[in-house]
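First the structure, in the form of structure tokens, and then the observations on it.
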Amino acid sequence: MPEHRALYVPEKQAPFVVKSIPTWVPGRGELLIKVESAGLAPVDWIMQSTGILVEKYPVILGLDVAGTVEQVGEGVTKFKKGDRVFKEGSLGENPFAGFQQYTLAHEDTTAKIPDNITFDQAATIPLALATSAVALYHDGENAIGGTCGLTPPWEAGGRDKYKGQATVVFAGASTVGQMTIELLKLSGFDPIITTASLSNAEFLKTLGATYVLDRKLSPEALHAEIRKITQAPFKTIYDAAGASETQHLGYDLLAPGGILAAVQHDLIAPEKKVPEKKSFFMYGDVNVPQNRKLGSSLFSKLTGLLEEGALKPIPVEVVPGGLEGIPVALEKLRKGVSCVKLVARPQET
Ligand SMILES: NC(=O)c1ccc[n+]([C@@H]2O[C@H](COP(=O)([O-])OP(=O)(O)OC[C@H]3O[C@@H](n4cnc5c(N)ncnc54)[C@H](OP(=O)(O)O)[C@@H]3O)[C@@H](O)[C@H]2O)c1
């Protein structure tokens, strides 16, 4: 039976280990992918170090995958052996995880990588894009947490639909923030006001941010700066930092009928909540049944969006050492990175 190397957390809060495991066999509608690049995300070190979100051990982590199709399961028609593809993993689903040399994928939430994008660049995209897209564009049916309910810019009538509407994205330089700016730009929002370290300002403007405010300003100062830029009502605000201060500032800025999407649990104080303003915490996994319709629709258009440059990958830093290098790189991520996605190459193990 063929085997491959995988990076495991054997039990709660235990150090990572690399070991050989039997290679997965793709079922109906699934692909086996040789993983060339695997993106690292904050949730990976959080799950290893705390055990939260892990239901079963041993667990393989890693939610961003780019590689080559090795084998297709029954009924697969869109892909063939040798295709360059990328996809998102799911929490706790070992066969579909990224920190291993071979992984499985679902046909409908996998996309081909266009020629202008490398494996490393492709591995920066899935989780961040899914987290933005699910919150902004889910149609509301069985939505986990909530949705802004916007028409996706990759579907008919969606591009530029919200032309001239003002919006705020907190933490624009985070991976999720970058993807959110890009999507809101495609949707036509203007101005797009974001917060970041000012060293990232020029780069964020190339993605579509109109104004970049210093993230180190106090919430009161940020509120005043944002209101100096525009008095327009904010119906959609995205908080990619998810901190209590940013969530409260976002909620304060919302107009009646407005919605705040946050990457962390809703921290708005109960006494501040009013019926005419909504806030929610999204679940950025396109593979779960509740998000699958949105995920299939997005992944069916993703190759074209990257090819035309409508979506751009996140700046990438490749970490050395293959799978063995991931624990060290996760420590670096835990300490904080700026405007970059860390990516490992499992085949270099
Ligand atoms: N709910 C979900 O499904 C889901 C999915 C994915 C991620 N998340 C969460 O989303 C958050 C972002 O993840 P990520 O992978 O995008 O993180 P990341 O790229 O590692 O975030 C680092 C960036 O965050 C920026 N930042 C941090 N705090 C900020 C603040 N208060 N104001 C402005 N900028 C701030 C920094 O900006 P500067 O460099 O400009 O200073 C830095 O560039 C994490 O908490 C993660 O756990 C949730």
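If you're wondering about the labels, chains in the structure tokens are A, B, ... by order shown, residues count from 1 in each chain, ligands from 1 in order shown.
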
Practice task
Please identify which residues in region 63-289 of chain A DSSP calls alpha helix (DSSP H) from the backbone, and express them as JSON, numbers by chain.
Solution key: {"A": [119, 120, 121, 122, 126, 127, 128, 129, 130, 131, 132, 133, 134, 135, 136, 137, 175, 176, 177, 178, 179, 180, 181, 182, 183, 184, 185, 186, 201, 202, 203, 204, 205, 206, 207, 219, 220, 221, 222, 223, 224, 225, 226, 227, 228, 229, 244, 245, 246, 247, 248, 249, 250, 251, 252, 253]}

Handout entry: Within 10 Å of region 228-235 of chain A using only C-alpha atoms, minus same-chain residues under 4 positions, as an NGL selection string
Key = :A and (148 or 164-168 or 191 or 193 or 211 or 222-224 or 250-251 or 253-260 or 277-278)

Residues as selected, C-alpha atoms, written as a tab-separated table (two decimals), in the first residue's frame, can you do that?
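As written to disk, selection.tsv reads:
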chain	number	residue	atom	x	y	z
A	148	CYS	CA	-23.93	40.38	4.68
A	164	GLY	CA	-20.37	54.19	-4.49
A	165	GLN	CA	-21.24	52.50	-1.17
A	166	ALA	CA	-18.73	53.24	1.59
A	167	THR	CA	-17.21	50.43	3.65
A	168	VAL	CA	-14.59	49.77	6.33
A	191	PRO	CA	-14.45	54.40	-0.60
A	193	ILE	CA	-11.36	52.49	4.25
A	211	TYR	CA	-7.77	55.15	2.47
A	222	LEU	CA	-10.07	56.10	14.17
A	223	HIS	CA	-13.77	56.91	14.45
A	224	ALA	CA	-13.05	60.62	13.95
A	250	GLY	CA	-17.30	48.75	13.63
A	251	TYR	CA	-20.64	48.37	15.39
A	253	LEU	CA	-19.99	53.09	12.77
A	254	LEU	CA	-22.82	50.97	11.30
A	255	ALA	CA	-25.85	52.76	9.92
A	256	PRO	CA	-29.34	51.42	10.74
A	257	GLY	CA	-29.80	48.26	8.67
A	258	GLY	CA	-26.03	47.72	8.64
A	259	ILE	CA	-24.13	44.47	9.23
A	260	LEU	CA	-20.74	43.86	10.87
A	277	LYS	CA	-27.79	46.71	13.56
A	278	LYS	CA	-26.50	43.16	13.08

Handout entry: Shell of 8 Å around Gln71 (chain A), only C-alpha atoms, local chain residues under 6 positions omitted, as a PyMOL selection string
Key = chain A and resi 26+31-33+80-81

Problem - Near-ligand residues for ligand 1, threshold 7 Å, only C-alpha atoms and all ligand atoms, as a PyMOL selection string - result: chain A and resi 41-43+127-128+131+170-177+195-198+200+215+240-243+246+263-264+281-285+333+336-341

Would you save the residues of that selection, restricted to C-alpha atoms, as a compact mmCIF listing (two decimals), in the first residue's frame?
# COMPACT_ATOMS: atom_id res chain seq x y z
CA ALA A 41 -2.82 30.01 9.31
CA PRO A 42 -3.25 31.28 12.89
CA VAL A 43 -5.84 28.55 13.56
CA LEU A 127 -8.86 29.99 3.58
CA ALA A 128 -8.56 33.79 3.45
CA THR A 131 -13.51 33.55 5.08
CA PHE A 170 -10.33 46.45 9.85
CA ALA A 171 -6.90 44.73 9.55
CA GLY A 172 -6.54 45.18 5.80
CA ALA A 173 -3.01 43.71 5.79
CA SER A 174 -4.07 40.37 7.30
CA THR A 175 -4.62 37.58 4.78
CA VAL A 176 -8.38 37.75 5.33
CA GLY A 177 -8.30 41.56 5.15
CA THR A 195 -6.66 50.03 9.02
CA ALA A 196 -3.08 48.71 8.97
CA SER A 197 0.50 49.57 9.82
CA LEU A 198 1.25 52.49 7.54
CA ASN A 200 1.54 48.49 4.26
CA ARG A 215 -4.10 50.78 13.11
CA ALA A 240 -10.57 40.95 9.97
CA ALA A 241 -8.91 41.64 13.35
CA GLY A 242 -11.88 40.49 15.43
CA ALA A 243 -10.66 42.25 18.60
CA THR A 246 -12.41 46.83 16.40
CA VAL A 263 -13.50 36.87 12.14
CA GLN A 264 -13.75 36.14 15.87
CA PHE A 281 -19.00 35.61 13.40
CA MET A 282 -18.49 33.71 10.16
CA TYR A 283 -17.28 30.14 9.54
CA GLY A 284 -14.88 30.32 6.61
CA ASP A 285 -15.00 26.74 5.36
CA LEU A 333 3.18 33.20 12.83
CA GLY A 336 3.01 37.97 14.35
CA VAL A 337 3.71 38.51 10.67
CA SER A 338 2.84 41.55 8.56
CA CYS A 339 1.07 41.45 5.20
CA VAL A 340 2.39 38.01 4.23
CA LYS A 341 1.29 34.38 4.07

Problem - Å distance separating CA of Ala122 (chain A) from CA of Leu306 (chain A), one decimal place - result: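 CA of Leu306 (chain A) lies at a distance of 9.5 Å from CA of Ala122 (chain A).
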
Handout entry: Selection: 7 Å around region 157-163 of chain A, only C-alpha atoms, excl. self and same-chain fewer than 3 positions, as a list in words
Key = Thr151, Pro152, Pro153, Trp154, Leu186, Ser187, Gly188, Phe189 and Asp190 of chain A

Excluding Val288 (chain A) and any residue of its chain fewer than 5 positions from it, enumerate the residues within 10 Å of it, using only C-alpha atoms, and give them as an mmCIF file with C-alpha atoms, in the first residue's frame.
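See result.cif below for the written result:
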data_model
loop_
_atom_site.group_PDB
_atom_site.id
_atom_site.type_symbol
_atom_site.label_atom_id
_atom_site.label_comp_id
_atom_site.auth_asym_id
_atom_site.auth_seq_id
_atom_site.Cartn_x
_atom_site.Cartn_y
_atom_site.Cartn_z
ATOM 1 C CA SER A 90 -11.588 21.462 6.651
ATOM 2 C CA LEU A 91 -10.974 21.530 10.413
ATOM 3 C CA ILE A 144 -23.567 29.722 9.978
ATOM 4 C CA TYR A 283 -17.281 30.139 9.539
ATOM 5 C CA LYS A 293 -23.356 26.181 -2.591
ATOM 6 C CA GLY A 295 -18.088 27.435 -2.291
#

Handout entry: Contacts of Gly67 (chain A) within 6 Å, only C-alpha atoms, excl. fewer than 6 positions in-chain, as a list in words
Key = Ile33, Lys34, Val35, Glu36, Arg84 and Val85 of chain A

Export C-alpha atoms of the chosen residues as a PDB file, in the first residue's frame?
ATOM      1  CA  ILE A  33      -3.603  15.765  -4.780  1.00  0.00           C
ATOM      2  CA  LYS A  34       0.189  15.693  -4.456  1.00  0.00           C
ATOM      3  CA  VAL A  35       0.695  18.697  -2.166  1.00  0.00           C
ATOM      4  CA  GLU A  36       3.372  21.060  -3.511  1.00  0.00           C
ATOM      5  CA  ARG A  84      -2.388  22.045 -11.187  1.00  0.00           C
ATOM      6  CA  VAL A  85      -5.099  22.738  -8.592  1.00  0.00           C
TER       7      VAL A  85
END

Practice task
Have a look at A:Leu213, A:Ala133, A:Leu183, A:Leu204 and name the one nearest to Arg292 (chain A); count only C-alpha atoms.
Solution key: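 Of A:Leu213, A:Ala133, A:Leu183, A:Leu204, the one nearest Arg292 (chain A) is A:Ala133, counting only C-alpha atoms.
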
Would you kindly return, as a compact mmCIF listing (two decimals) with N, CA and C atoms, in the first residue's frame, each protein, DNA or RNA residue with an atom no farther than 9 Å from any atom of region 311-325 of chain A, considering only C-alpha atoms and excluding same-chain residues fewer than 6 positions away?
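Result saved to selection_18.txt:
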# COMPACT_ATOMS: atom_id res chain seq x y z
N ARG A 5 4.31 11.04 3.85
CA ARG A 5 4.65 11.66 5.14
C ARG A 5 3.58 12.69 5.50
N ALA A 6 3.24 12.72 6.79
CA ALA A 6 2.24 13.68 7.28
C ALA A 6 2.72 14.26 8.60
N LEU A 7 2.33 15.49 8.88
CA LEU A 7 2.67 16.15 10.14
C LEU A 7 1.45 16.03 11.06
N PHE A 16 4.22 18.48 17.51
CA PHE A 16 4.00 17.86 16.19
C PHE A 16 4.98 16.71 15.97
N VAL A 17 4.57 15.68 15.22
CA VAL A 17 5.49 14.63 14.76
C VAL A 17 5.23 14.37 13.28
N VAL A 18 6.31 14.00 12.57
CA VAL A 18 6.16 13.62 11.16
C VAL A 18 6.23 12.10 11.10
N SER A 37 2.46 22.89 -2.17
CA SER A 37 2.54 24.04 -1.26
C SER A 37 1.36 23.99 -0.29
N PHE A 99 -1.14 19.66 5.76
CA PHE A 99 0.23 19.40 6.22
C PHE A 99 0.60 17.93 6.02
N GLN A 100 0.60 17.51 4.77
CA GLN A 100 0.98 16.15 4.40
C GLN A 100 1.32 16.16 2.91
N GLN A 101 1.92 15.06 2.44
CA GLN A 101 2.39 15.07 1.05
C GLN A 101 1.29 14.74 0.04
N ILE A 117 -0.01 31.99 -11.97
CA ILE A 117 0.05 31.83 -10.50
C ILE A 117 0.88 30.59 -10.16
N ASP A 120 3.01 28.18 -4.78
CA ASP A 120 3.14 28.90 -3.50
C ASP A 120 2.11 30.03 -3.42
N GLN A 121 1.92 30.76 -4.51
CA GLN A 121 0.93 31.84 -4.50
C GLN A 121 -0.48 31.28 -4.35
N ALA A 122 -0.77 30.18 -5.03
CA ALA A 122 -2.12 29.60 -4.95
C ALA A 122 -2.44 29.17 -3.52
N ALA A 123 -1.42 28.71 -2.79
CA ALA A 123 -1.65 28.24 -1.41
C ALA A 123 -1.91 29.39 -0.44
N THR A 124 -1.78 30.62 -0.89
CA THR A 124 -2.09 31.76 0.00
C THR A 124 -3.59 32.08 0.00
N ILE A 125 -4.33 31.50 -0.94
CA ILE A 125 -5.67 32.02 -1.24
C ILE A 125 -6.84 31.35 -0.52
N THR A 175 -4.29 38.32 6.01
CA THR A 175 -4.62 37.58 4.78
C THR A 175 -6.11 37.72 4.47
N GLN A 178 -6.86 41.31 3.22
CA GLN A 178 -6.47 41.55 1.83
C GLN A 178 -7.53 41.02 0.86
N MET A 179 -7.98 39.79 1.13
CA MET A 179 -8.99 39.20 0.25
C MET A 179 -10.31 39.97 0.31
N GLU A 182 -10.05 43.06 -1.79
CA GLU A 182 -10.13 42.71 -3.22
C GLU A 182 -11.58 42.42 -3.63
N LEU A 183 -12.30 41.67 -2.79
CA LEU A 183 -13.68 41.32 -3.14
C LEU A 183 -14.59 42.55 -3.11
N LEU A 186 -14.18 44.52 -6.17
CA LEU A 186 -14.91 43.93 -7.31
C LEU A 186 -16.41 44.21 -7.21
N LEU A 207 -4.43 46.95 -3.96
CA LEU A 207 -5.50 45.93 -3.93
C LEU A 207 -6.88 46.55 -4.07
N LEU A 302 -13.03 30.78 -9.96
CA LEU A 302 -11.79 31.28 -9.37
C LEU A 302 -10.63 31.33 -10.36
N LEU A 305 -10.96 34.42 -12.46
CA LEU A 305 -10.74 35.66 -11.70
C LEU A 305 -9.24 35.92 -11.50
N CYS A 339 1.41 41.36 6.63
CA CYS A 339 1.07 41.45 5.20
C CYS A 339 1.67 40.31 4.38
N VAL A 340 1.76 39.13 4.95
CA VAL A 340 2.39 38.01 4.23
C VAL A 340 1.74 36.70 4.66
N LYS A 341 1.76 35.72 3.76
CA LYS A 341 1.29 34.38 4.07
C LYS A 341 2.50 33.44 4.08
N LEU A 342 2.66 32.67 5.15
CA LEU A 342 3.74 31.68 5.21
C LEU A 342 3.26 30.40 4.52
N VAL A 343 4.15 29.85 3.68
CA VAL A 343 3.80 28.65 2.91
C VAL A 343 4.94 27.64 3.00
N ALA A 344 4.60 26.37 3.25
CA ALA A 344 5.60 25.29 3.32
C ALA A 344 5.47 24.39 2.09
N ARG A 345 6.55 23.66 1.81
CA ARG A 345 6.54 22.73 0.65
C ARG A 345 6.71 21.30 1.16
N PRO A 346 5.60 20.58 1.36
CA PRO A 346 5.67 19.24 1.98
C PRO A 346 6.55 18.24 1.23
N GLN A 347 6.73 18.42 -0.09
CA GLN A 347 7.56 17.45 -0.83
C GLN A 347 9.04 17.62 -0.48
N GLU A 348 9.43 18.73 0.15
CA GLU A 348 10.84 18.95 0.51
C GLU A 348 11.18 18.30 1.86
N THR A 349 10.26 17.49 2.38
CA THR A 349 10.47 16.83 3.68
C THR A 349 11.55 15.77 3.56

Practice task
Give the strand (DSSP E) residues of region 49-156 of chain A, as assigned by DSSP on the backbone, as a list of chain:residue names.
Solution key: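 Filtering region 49-156 of chain A to strand (DSSP E) leaves A:Val59, A:Ile60, A:Asp64, A:Val65, A:Ala66, A:Gly67, A:Thr68, A:Val69, A:Glu70, A:Gln71, A:Val72, A:Arg84, A:Val85, A:Phe86, A:Lys87, A:Glu88, A:Tyr102, A:Thr103, A:Leu104, A:Ala105, A:His106, A:Thr110, A:Ala111, A:Lys112.
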
Handout entry: Atomic distance CA of Glu245 (chain A) - CA of Leu53 (chain A), expressed in Å with one decimal
Key = 24.5 Å

Exercise for the section: Go ahead and compute the interatomic distance for CA of Ala105 (chain A) and CA of Phe86 (chain A), in Å to one decimal. Expected result: 8.8 Å

Exercise for the section: Go through A:Arg227, A:Lys78, A:Lys19, A:His138 one by one, measure the shortest atom-to-atom distance of each to His4 (chain A) using only C-alpha atoms, and give the residue with the smallest value. Expected result: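 Distance minimum relative to His4 (chain A) lands on A:Lys19.
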
Exercise for the section: Return the single residue from A:Leu136, A:Val274, A:Ile226, A:Ala111 that is closest to Ser296 (chain A), with distances computed using only C-alpha atoms. Expected result: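 With only C-alpha atoms as the atom set, the closest residue is A:Ala111.
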